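Okay, so here's the structure we're looking at.
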Amino acid sequence: RVRHDFLAITTMGVGFLFVGVVRQQDFLGGEVGISGIPSPGFSRFGFLIFCLFLASLFALFSLRIKKSWMGKVFESISDDEDVTKSLGINVSHYKIFAFVIGTSVAGIAGALYAHHLRFIGPDSFGFVESVSVLAMVIIGGVGSVWAVSATAAFLSVLPMVFQFVDDYKLLFYSALLFLMMRFSPEGLYGLVEKIKKNRKNKLDKDNKNEQKAS
């Protein structure tokens, strides 16, 4: 029933609540976590190829949904939920379906993460990780599959290359979020589209001036 920013905050809150429950359950590993998870059975390079294959598969699946009638409904709900309801569309139904898709993909990613490290604990998915994922989506641009994927890959590799980014990850991501929300709320995708639109308008204007001059 919540909308917009409150939906994101509520989702993060539910995640923190789940982590709190896990910390109190010994059969889920509790504070210690779960160790001795079997290896995926691939070499490091083979596991990387397998993860890239799944990521590409999910990206294509997301693009397919975006171009389908369901994607149009999701876009309509994002633009104006009240108008979508007035058209007789069950908004709650599609919100739940979107959550099912998102959490299913997140579950598969979590399973790959656990088998890669062979250990998982409640601190593996804390506040910093939630902010990191939120930053990847907002900086890339909500609604753009490729922009978000590229941003996620870049921001994931960046702390591995520069140690100071890893030490001050929360501060770094927060600063990026602030700058993006201040100067380009649509993310990098929106910024690129705006530049392309301005360039196209400039070319059209130049062509009209040339035609008038001739």
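Ordered as shown in the structure tokens, chains take letters A, B, and onward, while each chain numbers its residues from 1 and ligands are numbered from 1 in the order shown.
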- Task: Mind the document's chain letters and residue numbers, and return as a ChimeraX atom specification the residues of chain A that DSSP labels alpha helix (DSSP H).
- Result: /A:4-23,44-67,69-79,81-86,91-117,127-140,145-161,163-167,169-183,187-213
- Task: Check the DSSP output for the backbone and give back, as an MDAnalysis selection string, the residues of region 11-186 of chain A in strand (DSSP E or B).
- Result: chainID A and resid 34:35 119:120
With all heavy atoms retained, export the selected residues as an mmCIF file, in the first residue's frame.
```
data_model
loop_
_atom_site.group_PDB
_atom_site.id
_atom_site.type_symbol
_atom_site.label_atom_id
_atom_site.label_comp_id
_atom_site.auth_asym_id
_atom_site.auth_seq_id
_atom_site.Cartn_x
_atom_site.Cartn_y
_atom_site.Cartn_z
ATOM 1 N N ILE A 34 26.689 -19.314 8.684
ATOM 2 C CA ILE A 34 26.767 -20.695 8.196
ATOM 3 C C ILE A 34 28.067 -20.849 7.419
ATOM 4 O O ILE A 34 28.324 -20.122 6.463
ATOM 5 C CB ILE A 34 25.572 -21.039 7.287
ATOM 6 C CG1 ILE A 34 24.258 -20.850 8.044
ATOM 7 C CG2 ILE A 34 25.686 -22.464 6.757
ATOM 8 C CD1 ILE A 34 23.028 -21.047 7.186
ATOM 9 N N SER A 35 28.885 -21.789 7.830
ATOM 10 C CA SER A 35 30.160 -22.046 7.148
ATOM 11 C C SER A 35 30.140 -23.449 6.543
ATOM 12 O O SER A 35 29.218 -24.234 6.769
ATOM 13 C CB SER A 35 31.328 -21.912 8.135
ATOM 14 O OG SER A 35 31.174 -22.809 9.219
ATOM 15 N N PHE A 119 30.643 -19.295 2.796
ATOM 16 C CA PHE A 119 30.228 -18.818 4.118
ATOM 17 C C PHE A 119 29.218 -17.696 3.922
ATOM 18 O O PHE A 119 29.313 -16.907 2.983
ATOM 19 C CB PHE A 119 31.418 -18.274 4.916
ATOM 20 C CG PHE A 119 31.003 -17.537 6.169
ATOM 21 C CD1 PHE A 119 30.691 -18.241 7.321
ATOM 22 C CD2 PHE A 119 30.901 -16.147 6.171
ATOM 23 C CE1 PHE A 119 30.282 -17.559 8.471
ATOM 24 C CE2 PHE A 119 30.496 -15.472 7.310
ATOM 25 C CZ PHE A 119 30.196 -16.183 8.463
ATOM 26 N N ILE A 120 28.256 -17.631 4.825
ATOM 27 C CA ILE A 120 27.286 -16.538 4.788
ATOM 28 C C ILE A 120 26.833 -16.240 6.213
ATOM 29 O O ILE A 120 26.659 -17.156 7.033
ATOM 30 C CB ILE A 120 26.075 -16.911 3.892
ATOM 31 C CG1 ILE A 120 25.256 -15.675 3.565
ATOM 32 C CG2 ILE A 120 25.208 -17.991 4.527
ATOM 33 C CD1 ILE A 120 24.247 -15.891 2.459
#
```
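If you measure from each of A:Val142, A:Cys51, A:Val137, A:Ile101 to Glu75 (chain A) using only C-alpha atoms, the closest one turns out to be A:Val142.
For the residues A:Leu7, A:Leu155, A:Leu170, A:Leu28, ranking by smallest atom-to-atom distance to Ser130 (chain A) using only C-alpha atoms places A:Leu170 first.
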- Item | Residues within 12 Å of Ile37 (chain A), only C-alpha atoms, excluding chain neighbours under 3 positions, as number ranges by chain | A: 29, 33-34, 40-41, 111-121
Quick one: write out the picked residues with C-alpha atoms as a compact mmCIF listing (two decimals), in the first residue's frame?
```txt
# COMPACT_ATOMS: atom_id res chain seq x y z
CA GLY A 29 23.43 -19.75 11.75
CA GLY A 33 26.61 -17.55 10.29
CA ILE A 34 26.77 -20.70 8.20
CA PRO A 40 29.88 -24.65 -6.80
CA GLY A 41 31.93 -27.35 -8.53
CA ALA A 111 22.88 -18.47 -3.47
CA LEU A 112 25.73 -17.84 -5.92
CA TYR A 113 27.34 -15.47 -3.41
CA ALA A 114 27.13 -18.06 -0.62
CA HIS A 115 28.62 -20.86 -2.73
CA HIS A 116 31.37 -18.54 -3.94
CA LEU A 117 32.50 -17.54 -0.43
CA ARG A 118 31.42 -20.86 1.15
CA PHE A 119 30.23 -18.82 4.12
CA ILE A 120 27.29 -16.54 4.79
CA GLY A 121 26.31 -14.55 7.85
```
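What separates CA of Met12 (chain A) from CA of Phe61 (chain A) is a distance of 24.6 Å.
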- Message: as a PyMOL selection string, please: the residues near region 175-178 of chain A (cut-off 12 Å, only C-alpha atoms, same-chain neighbours under 3 positions excluded).
- Response: chain A and resi 131-141+151+155+165+168-172+181-188
- Query: Near Val19 (chain A), within 10 Å and counting only C-alpha atoms, which residues show up once chain neighbours fewer than 3 positions away are dropped, as a list in words?
  - Reply: Gly13, Val14, Gly15, Phe16, Val22, Arg23, Gln24, Gly30, Glu31, Gly121, Pro122, Asp123, Ser124, Phe125 and Gly126 of chain A
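The shortest atom-to-atom distance to Asn90 (chain A), with only C-alpha atoms taken into account, belongs to A:Ile77 out of A:Ala152, A:Ile77, A:Ala109, A:Leu179.
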